[in-house]
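Visitor: Below is one structure. I have some questions about it.
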Protein chains: 2
Amino acid sequence: VECGRTYQPSKGLYTCPECGETGILDVIYDYEAIQPVLTREALAANHDYSHWRYLPLMPLESREHIQPLSVGWTPLVRNRRLEEALGVGRLFIKDDGRNPTGSLKDRASSVGVAKALAEGEKVITCASTGNAASSLAGFAASAGLKAYIFVPATAPEAKVAQLLIFGANVLLVQGSYDEAYDLCSAAATRYGWYNRNCAVNPYLIEGKKTIGFEIAEQLGWQVPDWFVMSVGDGCSIAGAGKAFDELFRLGLIDRVPRLLGVQAAGAAPVTAAFYQNATTFHPVKPDTLADSIAVGVPRNFTKAIRQVRSSGGTMINVTDQEILEAMQLMAGLAGVFTEPAGSAALAGLRAARSAGVIGPHDSVVVAATGNGLKDIKAARRITPEPVLVYPDLADLARKLEATH
Amino acid sequence: VECGRTYQPSKGLYTCPECGETGILDVIYDYEAIQPVLTREALAANHDYSHWRYLPLMPLESREHIQPLSVGWTPLVRNRRLEEALGVGRLFIKDDGRNPTGSLKDRASSVGVAKALAEGEKVITCASTGNAASSLAGFAASAGLKAYIFVPATAPEAKVAQLLIFGANVLLVQGSYDEAYDLCSAAATRYGWYNRNCAVNPYLIEGKKTIGFEIAEQLGWQVPDWFVMSVGDGCSIAGAGKAFDELFRLGLIDRVPRLLGVQAAGAAPVTAAFYQNATTFHPVKPDTLADSIAVGVPRNFTKAIRQVRSSGGTMINVTDQEILEAMQLMAGLAGVFTEPAGSAALAGLRAARSAGVIGPHDSVVVAATGNGLKDIKAARRITPEPVLVYPDLADLARKLEATH
């Protein structure tokens with residue numbers, strides 16, 4: 001992504017040997033060979049309702065190492081009451097909390113684990129704010145790989161519980177995500193573990209991007225005006241943008257949606273750089289309850305900002321309070337309970353709509369990137385207390401009157 | 001189910017007017033009319049990958065009130081390492097934790113809410129150990145129905161958090177599930193709310209049964225030797241059994257699987273009655289960590305026991321410790337994290353295999369009825385503590401050495 005050099009894929013080649021670690025590689029396919037194979041008709045006839053239906057655009061030679069956990073092809077939920085509340089033409093929630101371990105990261109981990117198996121690796125590692133960790137642990141368990149997972153000690157307890165029940169070796173780092181990341185990288189080098197981190201492993205974004213393929217296909221190849229996604233490291237939105245670009249290149253769609261990247265106000269180095277038109281970012285100390293996007297050093301900054309710009313899109317920030325209100329709105333009107341990083345996207349849409357960036361007739365897809373069950377403490381910050389009653393109708397009648 | 005009388009469906013008719021509340025009704029379809037419509041070929045051409053693909057065998061006149069949350073067609077996960085560990089021929093996990101609010105109960109609530117809307121109701125109620133509650137709250141939110149939900153105060157906090165974020169009126173009853181049930185019934189009568197309780201509403205089991213349809217279709221209409229499911233109230237296993245019977249009647253399958261019903265040893269009135277060959281049960285005071293099946297008064301006892309018997313199946317009990325070990329086994333080998341009521345089924349399979357009830361070459365489908373994220377406290381009872389490290393490679397090396 002820095003120097004533009006190209007390499008043939010080879011084992012252990014993660015970053016550009018000339019540029020070093022900031023020289024993240026980008027996977028380029030033989031699009032001319034793929035075009036006749038991956039057509040709308042071929043996909044309509046394909047009964048594999050998982051993200052592997054897009055295998056020609058994914059970095060695996062075969063299906064041999066694909067785990068039986070069904071990833072992707074998550075529902076696209078439309079709800080009229082939510083459309084009215086937000087004041088947009090058409091609004092769809094892409095409910096990626098329905099993935100095997102409850103987040104979009106399953107798309108990446110399923111590719112990472114298959115890749116590790118294909119390369120004959122036995123041990124895999126990653127650092128994560130939580131979701132990448134639990135998804136890697138789940139897929140490693142399925143594959144029988146040993147996993148070493150580095151998470152900040154502040155990770156929500158449900159995500160840590162997932163890691164442990166999947167049998168991963170869990171290292172709770174007394175520090176930030178960024179420190180957990182550095183420790184994981186150092187350990188991967190020292191012990192020779194397979195590195196699942198998106199920041200250096202170019203294949204993971206190839207899993208994440210499938211969310212974009214699915215949205216286009218689920219909408220009958222009529223992409224929305226806007227695709228809204230929260231941004232932490234930057235890898236996910238970069239993936240979605242790449243997906244739309246690839247579909248456009250293959251002639252499967254006739255335009256790409258604008259990308260709206262949403263950051264938590266307390267962890268917004270990408271938005272800051274975007275508005276300063278900068279080619280690099282200033283690291284920040286993250287301060288947000290949206291743990292999945294609490295990233296101060298966004299290592300996929302370059303890819304992310306490039307995709308947002310080329311789509312004609314923009315970036316916006318939202319406060320933690322706006323994130324919680326959006327969580328309540330999505331759950332209360334559409335019945336979709338998503339974690340803070342997911343509702344941050346809806347909050348961003350709301351803010352962009354208020355600012356006039358998104359119009360009243362625009363069609364929008366919002367990525368609900370993780371299941372709300374992963375962080376119930378966040379939900380409880382915005383919900384009222386339940387009513388305690390005795391098993392007695394008279395007591396119930398009194399309590400109901402009191403609450404109305 | 002008691003007297004064998006038949007009635008045409010009508011608004012407000014939930015139980016047999018002659019038998020009273022124990023006279024639960026059973027929905028019977030015009031199978032001769034359905035047979036030419038619901039064929040293997042018609043289903044193979046049907047692109048609706050949700051449980052509504054079986055609409056001719058569901059109690060709705062039209063699709064009008066179906067909510068956009070995608071229910072059913074959950075993955076059937078096969079894992080060889082788990083097969084080896086359990087010593088069975090073929091083992092599939094039906095991962096119903098992948099439903100919209102994370103449990104099999106979404107199948108029932110999606111039908112209940114559509115039915116309430118079709119009857120013009122505005123307020124809906126249920127009592128639940130947790131999953132039926134959160135699923136009803138989610139679907140009521142999507143539909144804009146007001147919901148009053150009664151749960152025992154001991155319900156896991158994640159399930160209560162779901163109720164609250166979905167905007168339901170949550171009544172935490174200071175008592176058991178059975179007391180919450182009684183209070184809910186009394187309130188439904190007094191306030192005229194639509195009653196979603198499976199114990200009286202015969203339409204809900206018609207949602208639950210779709211798990212059986214899906215298993216048969218996903219296995220290419222070759223049903224397994226055994227279908228294993230945990231049993232609380234009895235409604236879910238009765239539904240699955242009814243589904244297989246209906247498919248057999250329609251000629252879509254050539255035999256039905258044996259049903260293995262699994263109860264927690266601390267809440268096992270159905271198993272007790274089964275082995276005593278009794279036509280009624282003795283209520284118990286539930287004592288198990290598997291909250292979803294902690295039922296002392298199983299109101300669908302008659303339907304459940306009838307289905308288990310007619311399938312040539314049996315019942316078995318498992319301890320809480322066995323439930324936790326099975327949870328760890330399923331997560332650690334197959335990457336599927338299910339709540340205690342889900343892993344109870346795997347524990348039951350293990351016990352039945354040890355007892356020789358299930359043979360080494362048998363094919364088995366195990367129902368993972370709820371997502372593990374709904375009850376992480378249970379998971380943490382069986383998992384080790386994570387390792388705390390400082391962001392320092394030397395500290396990591398010391399800690400890794402100490403743990404090996």
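Labels for the structure tokens follow display order: chains A, B, ..., residues from 1 in each chain, ligands from 1.
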At a cut-off of 10 Å, using only C-alpha atoms, what residues contact Lys146 in chain B? Leave out same-chain residues fewer than 6 positions from it and give the result as a list in words.
Guide: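 Answer for this query is Glu121, Lys122, Val123, Ile124, Thr125, Ala137, Ala140, Gly167, Ala168, Asn169 and Trp193 of chain B.
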Visitor: Could you pull the residues within 9 Å of Leu324 in chain A, counting only C-alpha atoms, minus those fewer than 4 positions along the same chain, as a PyMOL selection string?
Guide: chain A and resi 319-320+328-329+340+343-344+347+378-379+381-382
Visitor: Show me, as a tab-separated table, the residues of chain B having an atom within 6 Å of chain A, each with the closest atom pair and its distance in Å, using only C-alpha atoms.
Guide:
```
residue	atom	partner	partner_atom	distance
B:Pro68	CA	A:Val77	CA	5.8
B:Val77	CA	A:Pro68	CA	5.8
B:Arg98	CA	A:Arg98	CA	5.7
B:Gly138	CA	A:Gly335	CA	4.5
B:Ala141	CA	A:Gly332	CA	5.2
B:Ser142	CA	A:Ala334	CA	4.4
B:Leu164	CA	A:Thr383	CA	5.9
B:Ile165	CA	A:Gln328	CA	5.6
B:Phe166	CA	A:Gly332	CA	4.4
B:Gly167	CA	A:Gly332	CA	5.3
B:Val170	CA	A:Pro386	CA	5.1
B:Leu171	CA	A:Val387	CA	4.9
B:Leu172	CA	A:Leu388	CA	4.7
B:Val173	CA	A:Val389	CA	5.0
B:Gln174	CA	A:Tyr390	CA	5.1
B:Glu179	CA	A:Pro391	CA	5.9
B:Leu183	CA	A:Pro391	CA	5.9
B:Gln328	CA	A:Ile165	CA	5.7
B:Ala331	CA	A:Phe166	CA	4.9
B:Gly332	CA	A:Phe166	CA	4.5
B:Leu333	CA	A:Ala141	CA	5.4
B:Ala334	CA	A:Ser142	CA	4.4
B:Gly335	CA	A:Gly138	CA	4.5
B:Leu373	CA	A:Leu373	CA	5.9
B:Thr383	CA	A:Leu164	CA	5.9
B:Pro386	CA	A:Val170	CA	5.1
B:Val387	CA	A:Leu171	CA	4.9
B:Leu388	CA	A:Leu172	CA	4.7
B:Val389	CA	A:Val173	CA	5.0
B:Tyr390	CA	A:Gln174	CA	5.1
B:Pro391	CA	A:Leu183	CA	5.8
```
Visitor: Would you save the residues from that selection as a short mmCIF file (atom, residue, chain, number, x, y, z; two decimals), in the first residue's frame, using N, CA and C atoms?
Guide:
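Saved the output as result-v2.cif:
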```cif
data_model
loop_
_atom_site.label_atom_id
_atom_site.label_comp_id
_atom_site.auth_asym_id
_atom_site.auth_seq_id
_atom_site.Cartn_x
_atom_site.Cartn_y
_atom_site.Cartn_z
N PRO B 68 -39.35 -8.84 9.84
CA PRO B 68 -38.16 -9.00 8.97
C PRO B 68 -36.94 -9.63 9.64
N VAL B 77 -23.84 -28.14 12.30
CA VAL B 77 -22.38 -28.17 12.33
C VAL B 77 -21.89 -29.58 12.63
N ARG B 98 -27.97 -19.29 16.95
CA ARG B 98 -27.74 -18.34 15.86
C ARG B 98 -29.03 -17.62 15.44
N GLY B 138 -37.92 -9.16 21.64
CA GLY B 138 -37.30 -8.77 20.37
C GLY B 138 -38.31 -8.69 19.24
N ALA B 141 -40.74 -5.81 19.80
CA ALA B 141 -40.10 -4.54 19.44
C ALA B 141 -40.17 -4.34 17.93
N SER B 142 -39.82 -5.36 17.19
CA SER B 142 -39.83 -5.25 15.73
C SER B 142 -41.23 -4.91 15.21
N LEU B 164 -34.73 -5.58 28.52
CA LEU B 164 -34.78 -4.14 28.78
C LEU B 164 -34.39 -3.33 27.54
N ILE B 165 -33.36 -3.77 26.83
CA ILE B 165 -32.94 -2.99 25.66
C ILE B 165 -33.99 -3.09 24.55
N PHE B 166 -34.75 -4.18 24.52
CA PHE B 166 -35.83 -4.30 23.53
C PHE B 166 -37.05 -3.48 23.94
N GLY B 167 -36.99 -2.86 25.11
CA GLY B 167 -38.07 -1.96 25.51
C GLY B 167 -39.29 -2.64 26.12
N VAL B 170 -40.57 -5.16 32.02
CA VAL B 170 -40.01 -6.37 32.63
C VAL B 170 -40.45 -6.48 34.08
N LEU B 171 -41.08 -7.60 34.42
CA LEU B 171 -41.53 -7.86 35.78
C LEU B 171 -40.72 -9.01 36.34
N LEU B 172 -39.80 -8.67 37.24
CA LEU B 172 -38.94 -9.68 37.87
C LEU B 172 -39.69 -10.26 39.05
N VAL B 173 -40.09 -11.50 38.94
CA VAL B 173 -40.93 -12.10 39.97
C VAL B 173 -40.06 -12.74 41.06
N GLN B 174 -40.33 -12.35 42.31
CA GLN B 174 -39.58 -12.89 43.45
C GLN B 174 -40.07 -14.31 43.72
N GLU B 179 -44.05 -19.87 39.55
CA GLU B 179 -44.83 -18.76 40.14
C GLU B 179 -44.96 -17.60 39.15
N LEU B 183 -48.51 -16.00 37.75
CA LEU B 183 -48.81 -14.58 37.81
C LEU B 183 -49.10 -14.03 36.42
N GLN B 328 -17.95 -27.26 27.74
CA GLN B 328 -16.53 -27.08 27.43
C GLN B 328 -16.12 -27.95 26.24
N ALA B 331 -17.61 -26.43 22.93
CA ALA B 331 -16.90 -25.20 22.56
C ALA B 331 -15.46 -25.50 22.17
N GLY B 332 -14.82 -26.35 22.95
CA GLY B 332 -13.40 -26.60 22.75
C GLY B 332 -13.09 -27.44 21.52
N LEU B 333 -14.01 -28.29 21.11
CA LEU B 333 -13.75 -29.15 19.95
C LEU B 333 -14.47 -28.67 18.68
N ALA B 334 -15.68 -28.16 18.83
CA ALA B 334 -16.44 -27.78 17.64
C ALA B 334 -16.52 -26.27 17.46
N GLY B 335 -16.10 -25.49 18.48
CA GLY B 335 -16.20 -24.04 18.34
C GLY B 335 -17.63 -23.53 18.45
N LEU B 373 -23.50 -16.96 25.07
CA LEU B 373 -23.33 -15.60 25.57
C LEU B 373 -24.46 -15.18 26.50
N THR B 383 -14.23 -22.95 33.35
CA THR B 383 -13.01 -22.52 32.65
C THR B 383 -11.92 -22.11 33.64
N PRO B 386 -7.82 -16.65 33.24
CA PRO B 386 -6.86 -16.17 32.25
C PRO B 386 -5.55 -15.77 32.93
N VAL B 387 -4.49 -15.70 32.14
CA VAL B 387 -3.17 -15.32 32.68
C VAL B 387 -3.00 -13.81 32.55
N LEU B 388 -2.71 -13.15 33.65
CA LEU B 388 -2.47 -11.71 33.62
C LEU B 388 -1.01 -11.44 33.28
N VAL B 389 -0.77 -10.60 32.27
CA VAL B 389 0.63 -10.26 31.95
C VAL B 389 0.79 -8.74 31.82
N TYR B 390 2.01 -8.28 32.07
CA TYR B 390 2.34 -6.89 31.79
C TYR B 390 2.74 -6.77 30.33
N PRO B 391 2.60 -5.59 29.74
CA PRO B 391 3.00 -5.44 28.33
C PRO B 391 4.51 -5.51 28.16
#
```
Visitor: Using only C-alpha atoms, can you tell me which of A:Ala243, A:Val231, A:Ala351, A:Val365 comes closest to Gln263 in chain A?
Guide: A:Val231
Visitor: As an exercise, work out the distance from CA of Glu246 in chain A to CA of Ala345 in chain A in Å and give it to one decimal place.
Guide: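 Between these atoms lies a distance of 23.4 Å.
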